[in-house]
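Data block for final24.csv (CSV, C-alpha atoms):
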```csv
chain,number,residue,atom,x,y,z
A,1,MET,CA,0.0,0.0,0.0
A,2,ALA,CA,1.3,3.4,-0.9
A,3,GLY,CA,2.4,5.7,2.0
A,4,PRO,CA,-0.2,8.2,3.2
A,5,ALA,CA,1.6,11.3,2.0
A,6,ALA,CA,1.8,10.0,-1.5
A,7,VAL,CA,-1.8,8.8,-1.7
A,8,PHE,CA,-3.1,12.0,-0.2
A,9,ALA,CA,-1.1,14.2,-2.6
A,10,ALA,CA,-2.2,12.2,-5.6
A,11,LYS,CA,-5.8,12.0,-4.7
A,12,ALA,CA,-6.6,15.3,-3.0
A,13,ALA,CA,-4.6,18.2,-1.8
A,14,VAL,CA,-2.0,19.0,-4.4
A,15,MET,CA,-4.4,18.5,-7.4
A,16,VAL,CA,-7.2,20.5,-5.9
A,17,ALA,CA,-5.0,23.3,-4.6
A,18,THR,CA,-3.2,23.8,-8.0
A,19,ASP,CA,-5.8,22.9,-10.7
A,20,LYS,CA,-8.4,25.6,-11.3
A,21,ARG,CA,-10.8,23.1,-12.9
A,22,LEU,CA,-10.6,20.8,-10.0
A,23,ARG,CA,-11.0,23.7,-7.6
A,24,LYS,CA,-14.2,24.6,-9.3
A,25,ILE,CA,-15.4,21.0,-9.0
A,26,ALA,CA,-14.4,21.0,-5.3
A,27,LEU,CA,-16.6,24.0,-4.7
A,28,TRP,CA,-19.6,22.1,-6.1
A,29,VAL,CA,-18.7,19.2,-3.8
A,30,ILE,CA,-18.7,21.6,-0.9
A,31,MET,CA,-22.1,23.0,-1.8
A,32,ILE,CA,-23.7,19.6,-1.7
A,33,ALA,CA,-21.7,18.6,1.4
A,34,LEU,CA,-24.4,19.8,3.8
A,35,CYS,CA,-24.9,16.1,4.0
A,36,LEU,CA,-22.8,15.5,7.1
A,37,LEU,CA,-21.6,12.1,5.9
A,38,ILE,CA,-19.2,13.7,3.4
A,39,MET,CA,-17.9,16.3,5.9
A,40,PRO,CA,-14.4,14.9,5.7
A,41,ILE,CA,-14.2,16.2,2.1
A,42,ILE,CA,-15.0,19.7,3.4
A,43,ILE,CA,-12.5,19.4,6.2
A,44,ILE,CA,-9.6,18.4,3.9
A,45,LEU,CA,-10.5,21.1,1.3
A,46,GLY,CA,-10.9,23.6,4.0
A,47,ALA,CA,-7.4,22.8,5.4
A,48,PHE,CA,-6.0,23.8,2.0
A,49,GLN,CA,-8.0,27.0,1.8
A,50,VAL,CA,-10.4,25.7,-0.9
A,51,GLY,CA,-13.8,27.3,-0.2
A,52,SER,CA,-13.1,27.4,3.5
A,53,GLN,CA,-14.8,30.8,3.9
A,54,LEU,CA,-18.2,29.6,2.5
A,55,ASP,CA,-21.1,30.1,4.8
A,56,PHE,CA,-23.0,26.9,4.7
A,57,ASN,CA,-26.0,28.5,6.4
A,58,THR,CA,-26.6,30.9,3.5
A,59,LEU,CA,-25.8,28.8,0.5
A,60,GLY,CA,-29.5,28.0,-0.2
A,61,ILE,CA,-28.7,24.6,-1.5
A,62,THR,CA,-31.4,23.1,-3.7
A,63,GLY,CA,-31.8,19.8,-5.5
A,64,SER,CA,-31.3,21.6,-8.8
A,65,MET,CA,-27.7,22.4,-8.0
A,66,THR,CA,-26.8,18.7,-7.7
A,67,ALA,CA,-28.1,18.2,-11.2
A,68,ASN,CA,-25.0,20.0,-12.5
A,69,LEU,CA,-22.8,17.2,-11.2
A,70,SER,CA,-21.4,14.8,-13.9
A,71,PRO,CA,-22.4,11.1,-13.4
A,72,GLU,CA,-18.8,10.4,-12.5
A,73,LEU,CA,-18.7,13.0,-9.7
A,74,ARG,CA,-22.1,12.0,-8.5
A,75,ALA,CA,-20.9,8.4,-8.3
A,76,GLN,CA,-17.8,9.5,-6.3
A,77,VAL,CA,-19.9,11.5,-3.9
A,78,ASP,CA,-22.3,8.6,-3.4
A,79,HIS,CA,-19.4,6.3,-2.8
A,80,ILE,CA,-17.9,8.5,-0.1
A,81,ASN,CA,-21.4,8.7,1.5
A,82,SER,CA,-21.5,4.9,1.6
A,83,VAL,CA,-18.0,4.5,2.9
A,84,MET,CA,-18.4,7.1,5.7
A,85,ASP,CA,-21.7,5.5,6.7
A,86,SER,CA,-20.1,2.1,6.9
A,87,LEU,CA,-17.1,3.5,8.8
A,88,LYS,CA,-19.3,5.2,11.3
A,89,SER,CA,-21.4,2.0,11.9
A,90,ALA,CA,-18.3,-0.1,12.3
A,91,ALA,CA,-16.7,2.4,14.6
A,92,GLY,CA,-19.7,2.3,16.9
A,93,GLU,CA,-19.3,-1.4,17.2
A,94,ASN,CA,-15.5,-1.8,17.3
A,95,ALA,CA,-14.2,1.5,18.7
A,96,PRO,CA,-16.9,3.2,20.8
A,97,GLY,CA,-15.6,6.6,22.0
A,98,ALA,CA,-12.9,6.8,19.3
A,99,ASP,CA,-12.6,10.1,17.6
A,100,PHE,CA,-14.4,9.6,14.3
A,101,LEU,CA,-12.8,12.6,12.8
A,102,LEU,CA,-9.4,11.0,13.2
A,103,ILE,CA,-10.8,7.8,11.6
A,104,GLN,CA,-12.1,9.8,8.7
A,105,ILE,CA,-8.8,11.7,8.2
A,106,VAL,CA,-6.7,8.6,8.3
A,107,TYR,CA,-9.0,6.8,5.8
A,108,LEU,CA,-8.9,9.7,3.4
A,109,CYS,CA,-5.2,10.2,3.7
A,110,ALA,CA,-4.0,6.6,3.3
A,111,PHE,CA,-6.8,4.1,2.8
A,112,TYR,CA,-9.0,5.7,0.2
A,113,GLY,CA,-10.2,2.9,-2.1
A,114,ALA,CA,-8.9,0.1,0.2
A,115,GLU,CA,-12.4,-0.8,1.4
A,116,GLY,CA,-13.0,-2.9,-1.7
A,117,GLN,CA,-10.0,-5.2,-1.0
A,118,SER,CA,-11.5,-7.1,1.9
A,119,SER,CA,-15.0,-7.9,3.2
A,120,THR,CA,-13.8,-7.2,6.7
A,121,PHE,CA,-12.1,-3.9,6.0
A,122,TYR,CA,-14.5,-1.7,8.0
A,123,ASP,CA,-14.2,-3.8,11.1
A,124,ASP,CA,-10.5,-4.3,10.8
A,125,PHE,CA,-9.8,-0.6,10.1
A,126,THR,CA,-12.0,0.9,12.9
A,127,GLY,CA,-10.8,-1.7,15.3
A,128,CYS,CA,-7.3,-0.2,15.1
A,129,PHE,CA,-8.6,2.9,16.8
A,130,ALA,CA,-10.2,1.1,19.8
A,131,GLU,CA,-7.2,1.2,22.1
A,132,GLY,CA,-3.4,1.7,22.1
A,133,ASP,CA,-1.5,3.4,19.3
A,134,ALA,CA,-3.8,3.5,16.3
A,135,PHE,CA,-0.9,4.0,13.8
A,136,ALA,CA,1.0,1.0,15.2
A,137,ASN,CA,-2.2,-1.1,15.1
A,138,LEU,CA,-2.8,-0.1,11.4
A,139,ALA,CA,0.8,-1.1,10.6
A,140,GLU,CA,0.3,-4.5,12.2
A,141,VAL,CA,-3.1,-5.2,10.7
A,142,PHE,CA,-2.6,-3.9,7.2
A,143,GLY,CA,1.2,-4.2,6.9
A,144,TRP,CA,1.3,-0.4,6.4
A,145,SER,CA,4.9,0.9,6.8
A,146,LEU,CA,4.6,4.2,8.6
A,147,SER,CA,7.3,6.9,8.8
A,148,ALA,CA,7.5,9.5,11.5
A,149,GLN,CA,6.8,12.1,8.8
A,150,ASP,CA,3.7,10.2,7.7
A,151,VAL,CA,2.3,10.3,11.2
A,152,SER,CA,3.2,13.9,11.6
A,153,ASP,CA,1.5,15.0,8.4
A,154,ILE,CA,-1.7,13.1,9.2
A,155,MET,CA,-1.8,14.5,12.8
A,156,SER,CA,-1.1,18.0,11.5
A,157,LEU,CA,-4.1,17.8,9.2
A,158,TYR,CA,-6.2,16.3,11.9
A,159,ALA,CA,-5.3,19.1,14.3
A,160,LYS,CA,-6.3,21.7,11.7
A,161,ALA,CA,-9.5,19.9,11.0
A,162,ALA,CA,-10.3,19.5,14.7
A,163,SER,CA,-9.5,23.1,15.6
A,164,SER,CA,-11.5,24.5,12.7
A,165,SER,CA,-14.5,22.4,13.6
A,166,GLN,CA,-14.6,23.2,17.4
A,167,LEU,CA,-16.6,26.0,18.9
A,168,PRO,CA,-15.3,27.8,22.1
A,169,PRO,CA,-16.7,26.3,25.3
A,170,THR,CA,-18.9,28.3,27.7
A,171,SER,CA,-18.8,28.4,31.5
A,172,ILE,CA,-21.5,25.7,31.5
A,173,HIS,CA,-19.2,23.5,29.4
A,174,GLY,CA,-16.5,24.1,31.9
A,175,THR,CA,-18.7,23.0,34.8
A,176,VAL,CA,-19.8,19.9,32.8
A,177,GLY,CA,-16.1,19.1,32.2
A,178,ASP,CA,-15.3,19.4,35.9
A,179,LEU,CA,-18.2,17.2,36.9
A,180,THR,CA,-17.5,14.6,34.2
A,181,ALA,CA,-13.9,14.4,35.5
A,182,GLU,CA,-15.2,13.8,39.0
A,183,TYR,CA,-17.4,11.0,37.7
A,184,GLY,CA,-14.5,9.2,36.0
A,185,GLY,CA,-15.5,5.8,34.7
A,186,SER,CA,-15.0,4.3,31.3
A,187,LEU,CA,-17.0,4.8,28.2
A,188,SER,CA,-19.3,1.8,27.7
A,189,ALA,CA,-19.2,-0.6,24.7
A,190,GLY,CA,-21.8,-0.3,22.0
A,191,GLY,CA,-21.3,3.2,20.9
A,192,PHE,CA,-23.9,6.0,21.0
A,193,SER,CA,-27.6,5.7,20.1
A,194,SER,CA,-30.5,7.9,19.1
A,195,PRO,CA,-31.8,10.4,21.7
A,196,LEU,CA,-35.3,9.5,20.5
A,197,GLY,CA,-34.9,5.8,21.3
A,198,ALA,CA,-36.0,3.6,18.4
A,199,ARG,CA,-37.0,6.6,16.3
A,200,ASP,CA,-34.7,8.1,13.7
A,201,TYR,CA,-33.6,11.6,14.6
A,202,LYS,CA,-31.5,12.6,11.5
A,203,SER,CA,-34.5,13.6,9.3
A,204,LEU,CA,-35.7,15.8,12.1
A,205,ILE,CA,-32.5,17.9,12.6
A,206,SER,CA,-33.5,21.6,12.0
A,207,SER,CA,-30.1,23.2,13.0
A,208,GLY,CA,-26.6,21.6,13.1
A,209,TYR,CA,-23.5,22.2,15.1
A,210,GLY,CA,-21.4,25.2,14.0
A,211,SER,CA,-21.9,28.9,13.1
A,212,ARG,CA,-25.4,30.2,12.1
A,213,ASP,CA,-27.5,33.3,12.1
A,214,ASP,CA,-28.9,34.0,15.5
A,215,PRO,CA,-32.6,33.1,15.3
A,216,PHE,CA,-33.5,36.0,17.6
A,217,THR,CA,-31.1,38.8,16.7
A,218,GLY,CA,-30.1,37.8,13.2
A,219,GLU,CA,-26.4,38.2,14.1
A,220,LYS,CA,-24.3,36.2,11.7
A,221,ASN,CA,-21.8,33.5,12.6
A,222,THR,CA,-23.0,32.9,16.2
A,223,PRO,CA,-21.9,29.6,17.7
A,224,HIS,CA,-24.4,26.7,18.0
A,225,THR,CA,-22.8,24.1,20.2
A,226,GLY,CA,-25.2,21.2,19.5
A,227,ILE,CA,-27.9,20.0,17.1
A,228,ASP,CA,-31.6,20.9,17.3
A,229,ILE,CA,-34.1,18.1,16.7
A,230,ALA,CA,-37.6,19.3,15.7
A,231,VAL,CA,-40.0,17.2,17.7
A,232,PRO,CA,-43.3,18.2,19.4
A,233,ALA,CA,-43.3,19.1,23.1
A,234,GLY,CA,-43.6,16.1,25.3
A,235,THR,CA,-41.6,13.7,23.1
A,236,ASP,CA,-39.7,11.1,25.0
A,237,VAL,CA,-36.0,11.9,25.4
A,238,TYR,CA,-33.5,9.0,25.9
A,239,PRO,CA,-29.8,9.2,26.9
A,240,VAL,CA,-27.5,8.6,24.0
A,241,MET,CA,-25.5,6.2,26.2
A,242,GLU,CA,-25.8,4.9,29.7
A,243,GLY,CA,-24.2,6.9,32.5
A,244,LYS,CA,-24.8,9.1,35.5
A,245,VAL,CA,-26.9,12.2,35.7
A,246,ILE,CA,-24.6,15.0,36.8
A,247,LEU,CA,-26.8,18.1,36.3
A,248,SER,CA,-30.5,18.7,36.3
A,249,VAL,CA,-31.4,22.4,35.9
A,250,THR,CA,-34.7,24.3,35.6
A,251,GLY,CA,-34.7,27.8,34.2
A,252,ASN,CA,-36.0,30.2,31.6
A,253,SER,CA,-32.8,31.4,30.0
A,254,GLY,CA,-30.3,29.8,27.6
A,255,TYR,CA,-30.9,26.0,27.6
A,256,GLY,CA,-34.1,26.4,29.7
A,257,ASN,CA,-34.7,23.1,31.5
A,258,TYR,CA,-31.8,20.8,30.8
A,259,VAL,CA,-30.1,17.6,31.9
A,260,VAL,CA,-26.5,16.4,31.6
A,261,VAL,CA,-25.4,12.8,31.7
A,262,ALA,CA,-21.8,11.7,32.2
A,263,HIS,CA,-20.8,8.6,30.2
A,264,GLY,CA,-17.2,8.0,31.4
A,265,GLY,CA,-13.9,8.7,29.6
A,266,GLY,CA,-14.6,12.5,29.8
A,267,TYR,CA,-17.7,12.2,27.7
A,268,ALA,CA,-21.1,13.8,28.6
A,269,SER,CA,-24.3,14.6,26.8
A,270,LEU,CA,-26.6,17.6,27.4
A,271,TYR,CA,-30.4,17.8,26.6
A,272,GLY,CA,-31.9,21.2,26.5
A,273,HIS,CA,-35.2,23.1,26.2
A,274,LEU,CA,-37.1,20.4,28.1
A,275,SER,CA,-40.7,20.6,29.2
A,276,GLN,CA,-40.2,18.0,31.9
A,277,ILE,CA,-37.2,16.4,33.7
A,278,LEU,CA,-37.7,12.8,35.0
A,279,VAL,CA,-34.3,12.3,36.6
A,280,GLN,CA,-32.1,14.0,39.2
A,281,PRO,CA,-28.3,14.2,39.8
A,282,GLY,CA,-26.9,10.9,41.0
A,283,ASN,CA,-29.3,8.7,39.0
A,284,MET,CA,-27.8,6.0,36.9
A,285,VAL,CA,-29.5,5.8,33.5
A,286,THR,CA,-29.5,3.4,30.6
A,287,ARG,CA,-30.1,4.1,27.0
A,288,ASP,CA,-33.6,2.6,27.1
A,289,MET,CA,-34.8,4.9,29.9
A,290,VAL,CA,-36.9,8.1,29.3
A,291,ILE,CA,-35.0,10.8,31.2
A,292,ALA,CA,-37.0,13.8,30.0
A,293,LYS,CA,-39.7,15.2,27.7
A,294,SER,CA,-38.8,17.7,25.0
A,295,GLY,CA,-40.2,21.2,25.1
A,296,ASN,CA,-39.8,24.9,24.4
A,297,SER,CA,-38.2,26.2,27.6
A,298,GLY,CA,-35.4,28.8,27.7
A,299,LYS,CA,-34.2,30.6,24.6
A,300,SER,CA,-36.1,28.8,22.0
A,301,THR,CA,-38.1,29.6,18.9
A,302,GLY,CA,-40.3,26.5,19.0
A,303,PRO,CA,-40.6,23.0,20.4
A,304,HIS,CA,-37.4,21.0,19.9
A,305,LEU,CA,-34.7,19.0,21.6
A,306,HIS,CA,-31.2,20.6,21.8
A,307,LEU,CA,-28.5,17.9,22.1
A,308,GLU,CA,-24.8,18.3,22.8
A,309,ILE,CA,-21.9,16.0,23.1
A,310,ILE,CA,-19.2,17.4,25.4
A,311,ILE,CA,-15.7,15.9,25.8
A,312,ASP,CA,-13.5,17.1,28.6
A,313,GLY,CA,-15.5,20.3,28.7
A,314,GLN,CA,-15.3,20.9,25.0
A,315,PRO,CA,-18.6,20.9,22.9
A,316,VAL,CA,-18.0,18.8,19.7
A,317,ASP,CA,-20.2,18.0,16.7
A,318,PRO,CA,-22.6,15.3,17.9
A,319,MET,CA,-22.8,14.0,14.3
A,320,ARG,CA,-19.2,12.8,14.7
A,321,TYR,CA,-20.4,10.3,17.3
A,322,LEU,CA,-24.1,9.6,17.0
A,323,PRO,CA,-25.2,6.7,14.6
```
Representation of the structure as C-alpha cells:
Amino acid sequence: MAGPAAVFAAKAAVMVATDKRLRKIALWVIMIALCLLIMPIIIILGAFQVGSQLDFNTLGITGSMTANLSPELRAQVDHINSVMDSLKSAAGENAPGADFLLIQIVYLCAFYGAEGQSSTFYDDFTGCFAEGDAFANLAEVFGWSLSAQDVSDIMSLYAKAASSSQLPPTSIHGTVGDLTAEYGGSLSAGGFSSPLGARDYKSLISSGYGSRDDPFTGEKNTPHTGIDIAVPAGTDVYPVMEGKVILSVTGNSGYGNYVVVAHGGGYASLYGHLSQILVQPGNMVTRDMVIAKSGNSGKSTGPHLHLEIIIDGQPVDPMRYLP
C-alpha cells in the first residue's frame, strides 16, 4: 500500500490546490456537502483554503444544484457517502468513544479505495482505533509501513480539522467538564444511540453544530454548540449512552430546563429546552430509559430537543459520534 503522504497528494490536496478546474469542482462538492456524511471532504478542502470561507447556512442549496454534477462525480460522492456510513457504523461497534474525525482523516489520507479489497475492511480498520496506538495497530493489521513524517503529516491535518470544527466552550461546558472528570469511569461498549430511542432523529434535525445566524437577533456567525431536533413538546428523550446524571437544571434562559449525563472517559451529553425532567443528579441511567420530555423552555423559537456531546468540557459536533 502506498504511503499516506503519496496517496493524499495524488488524490486530494495537491491537485485540488493547484488545478483551477478541480478547484471549481471542489466547490460544487462543498455545496452539496451539507450532507454530514461527506464532511471529511469539506475538512480536507478547508485545510487547504479551498472554499473554507463559504457560509453553509446561507448557500441556499437546492436539488437543482446537484443536477449539475457529472455522473462520474455524483458516483464518487455517493461512494464517499456509503464509505463514511459504513465506517461510522463499524466504529460504533468496534471503537466506541474513538474520535471519528481521526478515523475519517486517516482513511482519506491513506486508505481511500482500500475498502474494496476485503470484506472485513471496515471492522479491521476501525478496530485499530479502539485502544493503544492506532498507527501501530494499522501497521500491524494492514502491513502499512509508517514513517514519522507520515504520522506527523496526518496528525497535523487532523489538528487543523479539529480546531476548525470546534466552537469555544462556555462556562456551562467548563462546569460539565469538571463534573465529568469527578465521575470518571470508562466509556461503555456499544457506541452511541439515538436520543429518540428507536426513532430516527436525522431527518428531524433543524439546525446543526457550528456557526449560524442567531434566530433572535439575526447576528451572523453565532456559535451553536449542538444540534436541534424538531419534535413536538412532550416527546420522550433518551440518553445517547448509559451513564450518571450530573446536572439537572430548571430555568427560563439559555438552555431552559436541561439535563446532563456523564458517560465516562470524559464524555457527557446535554439535553436542553425540556418541558419535563424525569431524573435527578446521581441517578444512573440506561439508553432505554426516558429521562425527560422535549419542550420549548429557555431561549427557543419553538418546540425541539437541543442535544450536545461534550468531551472534557469541549462541545463537539454530535454527528461525529451519533449513529
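Nearest residue to Asn94 in chain A among A:Gln314, A:Ser253, A:Thr126, A:Gln117 is A:Thr126, counting all atoms listed in the file.
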ask   = Residues at most 8 Å from Gly210 in chain A, counting all atoms listed in the file, excluding those fewer than 3 positions away in the same chain, as a PyMOL selection string?
value = chain A and resi 165-167+223-226+317
Generate the output file for the selected residues, C-alpha atoms, as a PDB file, in the coordinates of the input.
```
ATOM      1  CA  SER A 165     -14.500  22.400  13.600  1.00  0.00           C
ATOM      2  CA  GLN A 166     -14.600  23.200  17.400  1.00  0.00           C
ATOM      3  CA  LEU A 167     -16.600  26.000  18.900  1.00  0.00           C
ATOM      4  CA  PRO A 223     -21.900  29.600  17.700  1.00  0.00           C
ATOM      5  CA  HIS A 224     -24.400  26.700  18.000  1.00  0.00           C
ATOM      6  CA  THR A 225     -22.800  24.100  20.200  1.00  0.00           C
ATOM      7  CA  GLY A 226     -25.200  21.200  19.500  1.00  0.00           C
ATOM      8  CA  ASP A 317     -20.200  18.000  16.700  1.00  0.00           C
TER       9      ASP A 317
END
```
key: Straight-line distance linking CA of Met284 in chain A with CA of Phe100 in chain A, stated in Å to one decimal   =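 Atom-to-atom, CA of Met284 in chain A to CA of Phe100 in chain A, that is 26.5 Å.
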note = Atom pair CA of Ala268 in chain A + CA of Met155 in chain A, distance 25.0 Å
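Every polymer residue reaching to within 7 Å of (-33.4, 18.9, 15.9), counting all atoms listed in the file, appears in this list: Leu204, Ile205, Ser206, Ser207, Ile227, Asp228, Ile229, Ala230, His304, Leu305 and His306 of chain A.
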request  = Rank nothing, just name the residue among A:Ile310, A:Ala110, A:Val176, A:Ala134 nearest to Asp153 in chain A, using all atoms listed in the file.
outcome  = A:Ala110
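The shell of residues at most 7 Å from Asn221 in chain A, with only C-alpha atoms counted and near chain neighbours (fewer than 3 positions) removed, consists of A:Ser211, A:Arg212, A:Asp213.
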request  = Could you jot down the CA of Ser248 in chain A to CA of Lys293 in chain A separation for me, Å, one decimal place?
outcome  =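 Value for the CA of Ser248 in chain A-CA of Lys293 in chain A distance: 13.1 Å.
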request  = Compile the contact shell of range 184-192 of chain A as a ChimeraX atom specification: residues with an atom at most 7 Å away, counting all atoms listed in the file, same-chain residues fewer than 6 positions apart removed.
outcome  = /A:92-93,96-97,240-241,263-265,321-323
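Residue neighbourhood of Gly295 in chain A, excluding near-sequence residues (fewer than 6 positions): Pro232, Ala233, Gly234, Thr235, His273, Leu274, Ser275, Gln276, Pro303, His304 and Leu305 of chain A, at 8 Å, using all atoms listed in the file.
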request  = Do a neighbour search on Ile154 in chain A at 10 Å with only C-alpha atoms, toss out local chain neighbours closer than 2 positions, and write the hits as a list in words.
outcome  = Pro4, Ala5, Phe8, Leu102, Ile105, Val106, Leu108, Cys109, Ala110, Gln149, Asp150, Val151, Ser152, Ser156, Leu157, Tyr158 and Ala159 of chain A
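Take the candidates A:Gly266, A:Pro215, A:Gly197, A:Gly256 and check each one against Arg287 in chain A using all atoms listed in the file; the shortest distance goes to A:Gly197.
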remark   = One residue among A:Ala161, A:Met84, A:Leu179, A:Val279 is nearest to Tyr112 in chain A when using only C-alpha atoms, and that residue is A:Met84
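Distance annotation: of A:Asp123, A:Ile246, A:Leu146, A:Val83, the residue with the minimal separation from Gln104 in chain A is A:Val83; atom set is all atoms listed in the file.
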query = Restricting the calculation to all atoms listed in the file, which member of A:Gly298, A:Gly243, A:Gly174, A:Gly254 is positioned closest to Pro281 in chain A?
reply =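 Looking at the shortest contact to Pro281 in chain A, the residue is A:Gly243.
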